[in-house]
Every structure is written in C-alpha cells, then in structure tokens.
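To be precise, the following lines are model-v4.txt, and they hold compact mmCIF, C-alpha atoms.
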```txt
# COMPACT_ATOMS: atom_id res chain seq x y z
CA MET A 8 -1.07 9.20 0.09
CA LYS A 9 0.82 11.74 -2.03
CA ASP A 10 -1.11 14.30 -4.06
CA PRO A 11 -0.82 13.24 -7.73
CA ARG A 12 -0.86 16.80 -9.05
CA THR A 13 2.47 18.05 -10.39
CA THR A 14 1.91 21.42 -8.74
CA GLU A 15 1.87 19.67 -5.35
CA MET A 16 4.94 17.46 -5.89
CA ASP A 17 7.94 17.83 -3.58
CA SER A 18 10.65 20.23 -4.69
CA LYS A 19 13.77 18.70 -6.18
CA TYR A 20 15.70 20.68 -3.58
CA SER A 21 15.75 20.16 0.18
CA GLU A 22 16.91 22.04 3.29
CA LEU A 23 16.38 25.36 1.54
CA GLU A 24 16.88 27.24 4.78
CA LYS A 25 20.48 25.96 4.92
CA MET A 26 21.42 27.06 1.40
CA PRO A 27 23.76 30.06 1.00
CA LEU A 28 22.12 33.00 -0.72
CA LYS A 29 24.04 32.56 -3.98
CA GLU A 30 23.02 28.90 -4.16
CA LEU A 31 19.36 29.78 -3.48
CA LEU A 32 19.31 32.34 -6.28
CA THR A 33 21.17 30.06 -8.69
CA ASN A 34 18.77 27.18 -8.09
CA ILE A 35 15.66 29.37 -8.42
CA ASN A 36 17.04 30.72 -11.69
CA ARG A 37 17.85 27.21 -12.91
CA GLU A 38 14.23 26.19 -12.36
CA ASP A 39 12.90 29.38 -13.96
CA GLN A 40 14.84 28.63 -17.15
CA THR A 41 12.68 25.53 -17.72
CA VAL A 42 9.45 27.54 -17.93
CA PRO A 43 9.73 28.94 -21.49
CA LEU A 44 10.34 25.43 -22.81
CA ALA A 45 7.19 24.21 -21.06
CA VAL A 46 5.27 27.10 -22.64
CA GLU A 47 6.74 26.27 -26.06
CA ALA A 48 5.26 22.77 -25.79
CA CYS A 49 1.82 24.41 -25.41
CA LEU A 50 2.00 26.59 -28.54
CA PRO A 51 -0.53 24.50 -30.54
CA GLU A 52 -3.08 24.79 -27.72
CA ILE A 53 -2.44 28.54 -27.31
CA GLU A 54 -2.87 29.02 -31.06
CA ALA A 55 -6.15 27.10 -31.08
CA LEU A 56 -7.56 29.20 -28.24
CA VAL A 57 -6.54 32.53 -29.78
CA ALA A 58 -7.91 31.47 -33.18
CA ALA A 59 -11.26 30.67 -31.58
CA ILE A 60 -11.45 33.93 -29.62
CA LEU A 61 -10.43 36.27 -32.46
CA PRO A 62 -13.60 36.15 -34.60
CA ARG A 63 -15.73 36.74 -31.52
CA MET A 64 -13.73 39.81 -30.58
CA LYS A 65 -13.97 41.07 -34.15
CA MET A 66 -17.75 40.97 -33.69
CA GLY A 67 -17.49 42.99 -30.48
CA GLY A 68 -17.19 40.12 -28.02
CA ARG A 69 -15.16 40.56 -24.87
CA LEU A 70 -12.47 38.43 -23.28
CA PHE A 71 -12.81 37.52 -19.61
CA TYR A 72 -10.10 36.09 -17.35
CA MET A 73 -11.40 34.22 -14.29
CA GLY A 74 -9.00 33.24 -11.53
CA ALA A 75 -8.28 32.88 -7.83
CA GLY A 76 -5.23 33.94 -5.84
CA THR A 77 -2.05 34.45 -7.88
CA SER A 78 -3.77 33.24 -11.05
CA GLY A 79 -6.56 35.77 -10.62
CA ARG A 80 -4.09 38.59 -10.02
CA LEU A 81 -2.15 37.69 -13.15
CA GLY A 82 -5.36 37.83 -15.19
CA ILE A 83 -6.20 41.24 -13.78
CA VAL A 84 -2.70 42.55 -14.53
CA ASP A 85 -2.92 41.39 -18.15
CA ALA A 86 -6.43 42.79 -18.62
CA SER A 87 -5.55 46.13 -17.00
CA GLU A 88 -2.58 46.62 -19.32
CA CYS A 89 -4.59 46.26 -22.54
CA PRO A 90 -6.19 49.75 -22.54
CA PRO A 91 -2.96 51.74 -22.01
CA THR A 92 -0.93 49.52 -24.34
CA PHE A 93 -3.41 49.05 -27.17
CA GLY A 94 -5.96 51.84 -26.67
CA VAL A 95 -8.92 49.49 -26.27
CA ASP A 96 -11.87 50.14 -23.99
CA HIS A 97 -11.58 48.91 -20.41
CA ASN A 98 -14.46 46.53 -21.09
CA THR A 99 -12.67 44.72 -23.93
CA VAL A 100 -10.52 42.48 -21.72
CA ILE A 101 -11.81 42.02 -18.18
CA GLY A 102 -10.09 40.31 -15.25
CA ILE A 103 -12.20 38.84 -12.45
CA ILE A 104 -10.77 37.40 -9.22
CA ALA A 105 -12.38 35.27 -6.51
CA GLY A 106 -13.13 37.51 -3.55
CA GLY A 107 -13.52 40.68 -5.62
CA ASP A 108 -11.19 43.63 -5.98
CA SER A 109 -10.04 43.44 -2.34
CA ALA A 110 -8.47 40.06 -3.16
CA ILE A 111 -6.05 41.77 -5.54
CA ARG A 112 -4.04 42.95 -2.55
CA LYS A 113 -5.13 40.62 0.26
CA ALA A 114 -6.11 36.97 0.16
CA VAL A 115 -9.83 36.47 0.87
CA GLU A 116 -10.28 33.27 2.85
CA PHE A 117 -12.20 30.49 1.11
CA ALA A 118 -13.28 32.79 -1.76
CA GLU A 119 -12.02 30.29 -4.33
CA ASP A 120 -14.17 27.51 -2.81
CA ASP A 121 -17.51 29.04 -3.87
CA THR A 122 -18.73 27.20 -6.98
CA LEU A 123 -21.55 29.68 -7.69
CA GLN A 124 -19.90 33.06 -7.24
CA GLY A 125 -17.85 32.97 -10.44
CA TRP A 126 -20.93 32.83 -12.65
CA LYS A 127 -22.59 35.55 -10.55
CA ASP A 128 -19.54 37.76 -11.09
CA LEU A 129 -19.72 37.16 -14.85
CA GLN A 130 -23.44 37.95 -14.87
CA SER A 131 -22.71 41.35 -13.36
CA HIS A 132 -20.97 42.09 -16.69
CA GLN A 133 -23.89 40.71 -18.75
CA VAL A 134 -21.70 37.95 -20.19
CA ASN A 135 -23.14 36.50 -23.41
CA GLU A 136 -22.48 34.11 -26.32
CA THR A 137 -20.22 36.56 -28.19
CA ASP A 138 -17.81 36.65 -25.23
CA SER A 139 -14.96 34.28 -24.36
CA VAL A 140 -14.01 33.21 -20.84
CA ILE A 141 -10.60 31.83 -19.82
CA GLY A 142 -10.29 30.15 -16.43
CA ILE A 143 -6.86 30.46 -14.82
CA THR A 144 -5.78 28.22 -11.95
CA ALA A 145 -2.44 26.46 -11.55
CA SER A 146 -4.00 23.41 -9.92
CA GLY A 147 -6.95 23.24 -12.30
CA THR A 148 -9.21 22.55 -9.33
CA ALA A 149 -10.36 25.93 -7.95
CA PRO A 150 -14.17 25.59 -7.50
CA TYR A 151 -14.76 29.31 -8.19
CA VAL A 152 -13.22 28.96 -11.65
CA ILE A 153 -14.62 25.50 -12.41
CA GLY A 154 -18.17 26.59 -11.53
CA ALA A 155 -17.92 29.61 -13.80
CA ILE A 156 -16.52 27.64 -16.75
CA GLU A 157 -19.08 24.86 -16.34
CA THR A 158 -21.97 27.34 -16.39
CA CYS A 159 -20.48 29.24 -19.33
CA LYS A 160 -20.52 26.03 -21.36
CA GLN A 161 -24.17 25.49 -20.49
CA HIS A 162 -24.90 28.95 -21.92
CA GLY A 163 -22.95 28.46 -25.14
CA ILE A 164 -20.06 30.74 -24.18
CA LEU A 165 -16.60 29.82 -25.51
CA THR A 166 -14.29 28.66 -22.73
CA GLY A 167 -10.55 28.22 -22.36
CA SER A 168 -8.28 27.43 -19.44
CA ILE A 169 -4.69 27.85 -18.32
CA THR A 170 -3.50 25.26 -15.80
CA CYS A 171 -0.21 23.68 -14.78
CA ASN A 172 -1.45 20.10 -14.27
CA LYS A 173 -2.28 17.58 -16.95
CA ASN A 174 -5.82 16.23 -17.16
CA SER A 175 -7.20 18.61 -14.53
CA LYS A 176 -10.92 19.00 -13.94
CA LEU A 177 -10.82 22.53 -15.39
CA GLY A 178 -8.90 21.32 -18.44
CA ARG A 179 -11.46 18.58 -19.09
CA LEU A 180 -14.33 21.04 -18.79
CA SER A 181 -13.06 23.84 -21.04
CA ASP A 182 -13.33 23.96 -24.84
CA PHE A 183 -9.70 24.98 -25.32
CA PRO A 184 -7.47 23.85 -22.44
CA ILE A 185 -3.86 24.93 -22.10
CA GLU A 186 -2.09 22.60 -19.65
CA CYS A 187 1.45 23.89 -19.10
CA GLU A 188 3.18 21.45 -16.78
CA VAL A 189 6.30 23.13 -15.38
CA GLY A 190 7.21 20.48 -12.82
CA PRO A 191 7.58 20.79 -9.04
CA GLU A 192 8.05 24.27 -7.64
CA PHE A 193 11.35 25.29 -6.00
CA ILE A 194 9.36 25.78 -2.78
CA THR A 195 6.95 22.85 -2.71
CA GLY A 196 3.46 23.93 -3.81
CA SER A 197 4.36 27.62 -4.24
CA THR A 198 2.65 28.11 -7.59
CA ARG A 199 3.41 31.85 -7.55
CA MET A 200 6.83 30.78 -8.84
CA LYS A 201 7.21 28.67 -12.01
CA SER A 202 3.47 28.15 -12.52
CA GLY A 203 2.80 31.86 -12.16
CA THR A 204 5.61 32.68 -14.59
CA ALA A 205 4.18 30.26 -17.16
CA GLN A 206 0.70 31.73 -16.78
CA LYS A 207 2.05 35.26 -17.21
CA LEU A 208 3.93 34.28 -20.39
CA ILE A 209 0.84 32.61 -21.83
CA LEU A 210 -1.40 35.58 -20.98
CA ASN A 211 1.11 37.91 -22.67
CA MET A 212 0.91 35.76 -25.80
CA ILE A 213 -2.88 35.58 -25.83
CA SER A 214 -3.60 39.28 -25.36
CA SER A 215 -0.71 40.53 -27.52
CA SER A 216 -1.47 38.24 -30.46
CA LEU A 217 -5.16 39.12 -30.28
CA MET A 218 -4.49 42.86 -30.22
CA ILE A 219 -2.05 42.62 -33.12
CA GLN A 220 -4.61 40.71 -35.19
CA LEU A 221 -7.30 43.20 -34.21
CA GLY A 222 -5.19 45.94 -35.81
CA ARG A 223 -3.95 47.57 -32.62
CA VAL A 224 -0.27 47.46 -33.66
CA LYS A 225 1.22 48.93 -36.84
CA GLY A 226 4.57 47.57 -37.96
CA ASN A 227 5.89 46.85 -34.49
CA LYS A 228 4.60 50.00 -32.81
CA MET A 229 1.86 50.59 -30.20
CA VAL A 230 0.18 53.26 -32.31
CA ASP A 231 -2.99 53.32 -30.20
CA MET A 232 -1.33 53.47 -26.76
CA GLN A 233 -2.77 55.90 -24.24
CA LEU A 234 -0.68 59.01 -23.63
CA SER A 235 -0.91 58.66 -19.87
CA ASN A 236 2.54 59.88 -18.80
CA ASP A 237 5.53 61.86 -20.06
CA LYS A 238 7.46 58.72 -21.06
CA LEU A 239 4.64 57.57 -23.34
CA VAL A 240 4.20 61.06 -24.81
CA ASP A 241 7.91 61.07 -25.60
CA ARG A 242 7.73 57.59 -27.14
CA GLY A 243 4.69 58.59 -29.21
CA THR A 244 6.39 61.79 -30.34
CA ARG A 245 9.36 59.83 -31.65
CA MET A 246 7.02 57.46 -33.48
CA VAL A 247 5.35 60.42 -35.20
CA MET A 248 8.77 61.89 -36.05
CA GLU A 249 9.87 58.59 -37.60
CA ALA A 250 6.71 58.28 -39.68
CA THR A 251 6.46 61.89 -40.85
CA GLY A 252 9.91 63.50 -40.70
CA LEU A 253 8.66 66.31 -38.46
CA SER A 254 10.80 67.91 -35.77
CA TYR A 255 10.35 66.80 -32.17
CA ASP A 256 8.26 69.82 -31.20
CA GLU A 257 6.09 69.60 -34.32
CA ALA A 258 5.53 65.87 -33.81
CA LYS A 259 4.67 66.33 -30.13
CA SER A 260 2.19 69.09 -30.94
CA ALA A 261 0.50 66.91 -33.56
CA LEU A 262 0.43 63.92 -31.21
CA LEU A 263 -1.20 65.85 -28.38
CA ASN A 264 -3.63 67.51 -30.77
CA HIS A 265 -4.84 64.24 -32.28
CA GLY A 266 -4.58 62.05 -29.17
CA SER A 267 -2.73 59.04 -30.56
CA VAL A 268 0.16 58.12 -32.83
CA ARG A 269 -2.20 56.54 -35.34
CA ALA A 270 -4.51 59.54 -35.51
CA ALA A 271 -1.63 62.01 -35.76
CA VAL A 272 0.14 60.12 -38.56
CA GLU A 273 -3.07 59.57 -40.52
CA ALA A 274 -3.94 63.26 -40.26
CA LEU A 275 -0.48 64.35 -41.34
CA MET A 276 0.09 61.81 -44.09
CA GLY A 277 -3.44 61.74 -45.50
```

Would you mind giving the structure from this file in structure tokens?
Amino acid sequence: MKDPRTTEMDSKYSELEKMPLKELLTNINREDQTVPLAVEACLPEIEALVAAILPRMKMGGRLFYMGAGTSGRLGIVDASECPPTFGVDHNTVIGIIAGGDSAIRKAVEFAEDDTLQGWKDLQSHQVNETDSVIGITASGTAPYVIGAIETCKQHGILTGSITCNKNSKLGRLSDFPIECEVGPEFITGSTRMKSGTAQKLILNMISSSLMIQLGRVKGNKMVDMQLSNDKLVDRGTRMVMEATGLSYDEAKSALLNHGSVRAAVEALMG
C-alpha cells in the first residue's frame, strides 16, 4: 500500500541517474520554482501564527523552534541568525533539535522517535505560558516534535507547526498549523529539497516579521545588528553616514563608540 503522505509520493521524474547534468539541474530548478507559490497559499496561516506570537514576545516571552533532522537544523539556523541580525538576546529565539547539538552536524539514530525527550529539552529552558513553541517537521509525524507540542498544549503554551503534508498529526495538534504542501520531491522522499526550502522561507517570514514589529528594524535597516565582523562594521558605518551626514571615519568612530547604529544615531541626532 502506498504511503498517502505527499512528502512520500513518487517523484514526477524517473531514471534520474540517466539524466544529463543540464537536464538534472533544469528539472530541479523547475520544481524549486513551485515552492514560493505553495508558501503564498499559506500566508493567512503564517499571519495568524505571527499575530498570536507577537503579544507574547512583547511581554518577554520567547520563541522556540522544535524539529528533527533537516527541519531541526533549519530552525536552529533561523534562531541563531536573530541575535547578529536584530541584536536580540540569544535566549529570545531558541532552536532545539532531536538528538541535541551533535545532531546539527550528524544524524542521531532514532532521536526523532522519542516522544518524551522534546518536552524534557524544553523544560531545560524553563519553558512557560508566555513562550511560544513551533514544531517543524516535513512529514508532520516526528514523535519527538509531536510529543513536545502535545505536552505544551497541556501546559497552556501557545503552539504552532510547519509541515508539508495536509491534515498531519502535528497540524491537528497545534493551535496554529501551517501546512505547506509542495508536492512530491525531485528525489522521492528527500524532504531536504522542496520541503526544506518551503520551511526556510516560512521561518524567514516568521522571525523577520516578528523582529520588525518588535522594533528591531528602522526604515529598512538592521539598526541593532551586532558588529561582529569588518563587513558589518562597514555596513553600519554607512548607515550612520546616511543618517547623520558625517564622514566615513567620523561615522565609524561613533558607531564603534556606541556599539550599534541605533545608539550612534540617537546619540548624534538627539
């Protein structure tokens, strides 16, 4: 009997190993182009989830991403980019993956099959009712994620989910499900491809829209970004120049003295 999940459906392409390289790349790209349209169809669900999370974060609540495998890694990438991009504390957006930090680089066998460990991992962060937890799994069936979301609901914690199958168990359990069905993968079942791309796009939208509404962007600039390398110092210097009319050297000195674009501009402009 065939698996009914879209993420497990046979690829529309066959005999991939016989395809010339150009044809392989063209067909992968053709499939990838369908992903943004699938995400667009989910905009109302994404909006509802972000709107529910925002007031909790304004009160100091945190956002947790819970995932396994590729989905878990994508959550960790998105969470890890929030501090340098938006200047928030590392505990504002937190990514958790089945199998722990070692699973970021290497798959940990059967880690996603433990229904209890996800909640234990959340408890190590003292998760509470002001926080929000988003489960991420392409299939919508990973026990690690489902167990965590189910227990969160029992404790009155807001839950969301990002899956790539309709009517998945995780989607049915979560308060705000996002079910982005992208169709069969180019390589059958390889959800690191279109499903992973869709999840990455949705995570970008969630974290970016939240940070903008939390005041972490001014105009269209990352005024609170961390000055962690020369490229970002240069970018910040040019932002200060644009806002104040100072020379490059004066703007850079002010930026480094005050520690952020926002702080430097506010100090200089009053």

| task | Determine, counting only C-alpha atoms, which protein, DNA and RNA residues have an atom within 9 Å of an atom of A:Met232; residues of the same chain fewer than 2 positions away are not included. Present the result as a count of residues only. | result | 16

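For the pair atom CA of A:Met276 and atom CA of A:Val224, the interatomic distance is 17.7 Å.
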
| note | Pairwise distance, atom CA of A:Ile103 with atom CA of A:Arg80, equals 8.5 Å

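Nearest to A:Ile194 of all the residues A:Ser21, A:Thr13, A:Ser109, A:Ser168 is A:Ser21, based on all atoms listed in the file.
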
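For the residues A:Glu47, A:Asp17, A:Asp128, A:Asp39, ranking by smallest atom-to-atom distance to A:Lys201 using only C-alpha atoms places A:Asp39 first.
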
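Proximity to A:Asn98 was assessed for A:Asp120, A:Ser146, A:Met64, A:Gly76 counting only C-alpha atoms; the smallest distance is recorded for A:Met64.
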
| field | All residues 12 Å or closer to A:Ala118, only C-alpha atoms, same chain fewer than 4 positions away omitted, as a VMD selection string | value | chain A and resid 74 to 76 79 104 to 110 113 to 114 122 to 125 149 to 152

| message | Could you check the closest approach to A:Gly178 for each of A:Ala86, A:Leu165, A:Ala55, A:Ile143 and tell me which residue wins, using all atoms listed in the file? | response | A:Ile143

| said: For a test of reading the model, state the distance in Å between atom CA of A:Leu70 and atom CA of A:Thr170, rounded to one decimal. | reply: 17.6 Å

File contents for stretch 141-172 of chain A with N, CA and C atoms as a PDB file, in the first residue's frame:
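Saved file selection36.pdb follows:
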```
ATOM      1  N   ILE A 141       7.029  26.359  18.157  1.00  0.00           N
ATOM      2  CA  ILE A 141       6.670  25.935  16.802  1.00  0.00           C
ATOM      3  C   ILE A 141       7.361  24.616  16.491  1.00  0.00           C
ATOM      4  N   GLY A 142       6.566  23.595  16.188  1.00  0.00           N
ATOM      5  CA  GLY A 142       7.107  22.309  15.780  1.00  0.00           C
ATOM      6  C   GLY A 142       7.330  22.299  14.277  1.00  0.00           C
ATOM      7  N   ILE A 143       8.495  21.817  13.852  1.00  0.00           N
ATOM      8  CA  ILE A 143       8.838  21.802  12.427  1.00  0.00           C
ATOM      9  C   ILE A 143       9.176  20.377  12.012  1.00  0.00           C
ATOM     10  N   THR A 144       8.391  19.818  11.122  1.00  0.00           N
ATOM     11  CA  THR A 144       8.668  18.501  10.562  1.00  0.00           C
ATOM     12  C   THR A 144       7.928  18.376   9.246  1.00  0.00           C
ATOM     13  N   ALA A 145       8.654  18.059   8.176  1.00  0.00           N
ATOM     14  CA  ALA A 145       8.032  17.998   6.855  1.00  0.00           C
ATOM     15  C   ALA A 145       6.875  17.006   6.828  1.00  0.00           C
ATOM     16  N   SER A 146       7.084  15.847   7.432  1.00  0.00           N
ATOM     17  CA  SER A 146       6.056  14.808   7.411  1.00  0.00           C
ATOM     18  C   SER A 146       4.879  15.129   8.317  1.00  0.00           C
ATOM     19  N   GLY A 147       5.159  15.876   9.399  1.00  0.00           N
ATOM     20  CA  GLY A 147       4.128  16.133  10.397  1.00  0.00           C
ATOM     21  C   GLY A 147       3.911  14.965  11.325  1.00  0.00           C
ATOM     22  N   THR A 148       4.873  14.022  11.349  1.00  0.00           N
ATOM     23  CA  THR A 148       4.686  12.803  12.139  1.00  0.00           C
ATOM     24  C   THR A 148       5.825  12.504  13.116  1.00  0.00           C
ATOM     25  N   ALA A 149       6.863  13.341  13.167  1.00  0.00           N
ATOM     26  CA  ALA A 149       8.012  13.044  14.030  1.00  0.00           C
ATOM     27  C   ALA A 149       7.588  12.997  15.499  1.00  0.00           C
ATOM     28  N   PRO A 150       7.715  11.839  16.168  1.00  0.00           N
ATOM     29  CA  PRO A 150       7.255  11.705  17.560  1.00  0.00           C
ATOM     30  C   PRO A 150       7.908  12.702  18.524  1.00  0.00           C
ATOM     31  N   TYR A 151       9.183  13.022  18.309  1.00  0.00           N
ATOM     32  CA  TYR A 151       9.883  13.981  19.164  1.00  0.00           C
ATOM     33  C   TYR A 151       9.147  15.316  19.187  1.00  0.00           C
ATOM     34  N   VAL A 152       8.749  15.780  18.013  1.00  0.00           N
ATOM     35  CA  VAL A 152       8.073  17.065  17.886  1.00  0.00           C
ATOM     36  C   VAL A 152       6.627  16.958  18.376  1.00  0.00           C
ATOM     37  N   ILE A 153       5.940  15.910  17.985  1.00  0.00           N
ATOM     38  CA  ILE A 153       4.535  15.730  18.377  1.00  0.00           C
ATOM     39  C   ILE A 153       4.399  15.649  19.893  1.00  0.00           C
ATOM     40  N   GLY A 154       5.293  14.896  20.537  1.00  0.00           N
ATOM     41  CA  GLY A 154       5.246  14.781  21.995  1.00  0.00           C
ATOM     42  C   GLY A 154       5.433  16.116  22.682  1.00  0.00           C
ATOM     43  N   ALA A 155       6.360  16.922  22.153  1.00  0.00           N
ATOM     44  CA  ALA A 155       6.622  18.237  22.750  1.00  0.00           C
ATOM     45  C   ALA A 155       5.421  19.155  22.584  1.00  0.00           C
ATOM     46  N   ILE A 156       4.838  19.189  21.397  1.00  0.00           N
ATOM     47  CA  ILE A 156       3.698  20.071  21.124  1.00  0.00           C
ATOM     48  C   ILE A 156       2.481  19.634  21.950  1.00  0.00           C
ATOM     49  N   GLU A 157       2.263  18.350  22.045  1.00  0.00           N
ATOM     50  CA  GLU A 157       1.125  17.833  22.815  1.00  0.00           C
ATOM     51  C   GLU A 157       1.230  18.238  24.279  1.00  0.00           C
ATOM     52  N   THR A 158       2.431  18.133  24.838  1.00  0.00           N
ATOM     53  CA  THR A 158       2.629  18.489  26.249  1.00  0.00           C
ATOM     54  C   THR A 158       2.571  19.998  26.446  1.00  0.00           C
ATOM     55  N   CYS A 159       3.060  20.756  25.482  1.00  0.00           N
ATOM     56  CA  CYS A 159       2.946  22.217  25.561  1.00  0.00           C
ATOM     57  C   CYS A 159       1.480  22.628  25.675  1.00  0.00           C
ATOM     58  N   LYS A 160       0.633  22.032  24.878  1.00  0.00           N
ATOM     59  CA  LYS A 160      -0.792  22.368  24.918  1.00  0.00           C
ATOM     60  C   LYS A 160      -1.390  22.063  26.285  1.00  0.00           C
ATOM     61  N   GLN A 161      -0.962  20.974  26.883  1.00  0.00           N
ATOM     62  CA  GLN A 161      -1.459  20.604  28.207  1.00  0.00           C
ATOM     63  C   GLN A 161      -1.050  21.626  29.267  1.00  0.00           C
ATOM     64  N   HIS A 162       0.037  22.350  28.996  1.00  0.00           N
ATOM     65  CA  HIS A 162       0.540  23.351  29.949  1.00  0.00           C
ATOM     66  C   HIS A 162       0.166  24.778  29.540  1.00  0.00           C
ATOM     67  N   GLY A 163      -0.720  24.926  28.595  1.00  0.00           N
ATOM     68  CA  GLY A 163      -1.194  26.253  28.209  1.00  0.00           C
ATOM     69  C   GLY A 163      -0.204  27.091  27.441  1.00  0.00           C
ATOM     70  N   ILE A 164       0.736  26.438  26.746  1.00  0.00           N
ATOM     71  CA  ILE A 164       1.742  27.152  25.959  1.00  0.00           C
ATOM     72  C   ILE A 164       1.280  27.214  24.511  1.00  0.00           C
ATOM     73  N   LEU A 165       1.353  28.386  23.889  1.00  0.00           N
ATOM     74  CA  LEU A 165       0.918  28.546  22.505  1.00  0.00           C
ATOM     75  C   LEU A 165       1.777  27.689  21.581  1.00  0.00           C
ATOM     76  N   THR A 166       1.109  26.992  20.652  1.00  0.00           N
ATOM     77  CA  THR A 166       1.830  26.097  19.748  1.00  0.00           C
ATOM     78  C   THR A 166       1.504  26.404  18.281  1.00  0.00           C
ATOM     79  N   GLY A 167       2.507  26.265  17.450  1.00  0.00           N
ATOM     80  CA  GLY A 167       2.347  26.349  16.009  1.00  0.00           C
ATOM     81  C   GLY A 167       3.090  25.198  15.372  1.00  0.00           C
ATOM     82  N   SER A 168       2.923  25.019  14.070  1.00  0.00           N
ATOM     83  CA  SER A 168       3.641  23.957  13.374  1.00  0.00           C
ATOM     84  C   SER A 168       3.858  24.332  11.923  1.00  0.00           C
ATOM     85  N   ILE A 169       4.938  23.796  11.365  1.00  0.00           N
ATOM     86  CA  ILE A 169       5.237  23.952   9.941  1.00  0.00           C
ATOM     87  C   ILE A 169       5.447  22.552   9.378  1.00  0.00           C
ATOM     88  N   THR A 170       4.525  22.114   8.528  1.00  0.00           N
ATOM     89  CA  THR A 170       4.618  20.797   7.911  1.00  0.00           C
ATOM     90  C   THR A 170       4.393  20.930   6.403  1.00  0.00           C
ATOM     91  N   CYS A 171       4.639  19.844   5.693  1.00  0.00           N
ATOM     92  CA  CYS A 171       4.439  19.847   4.240  1.00  0.00           C
ATOM     93  C   CYS A 171       3.457  18.766   3.808  1.00  0.00           C
ATOM     94  N   ASN A 172       2.608  18.329   4.728  1.00  0.00           N
ATOM     95  CA  ASN A 172       1.504  17.415   4.442  1.00  0.00           C
ATOM     96  C   ASN A 172       0.223  18.003   4.999  1.00  0.00           C
TER      97      ASN A 172
END
```
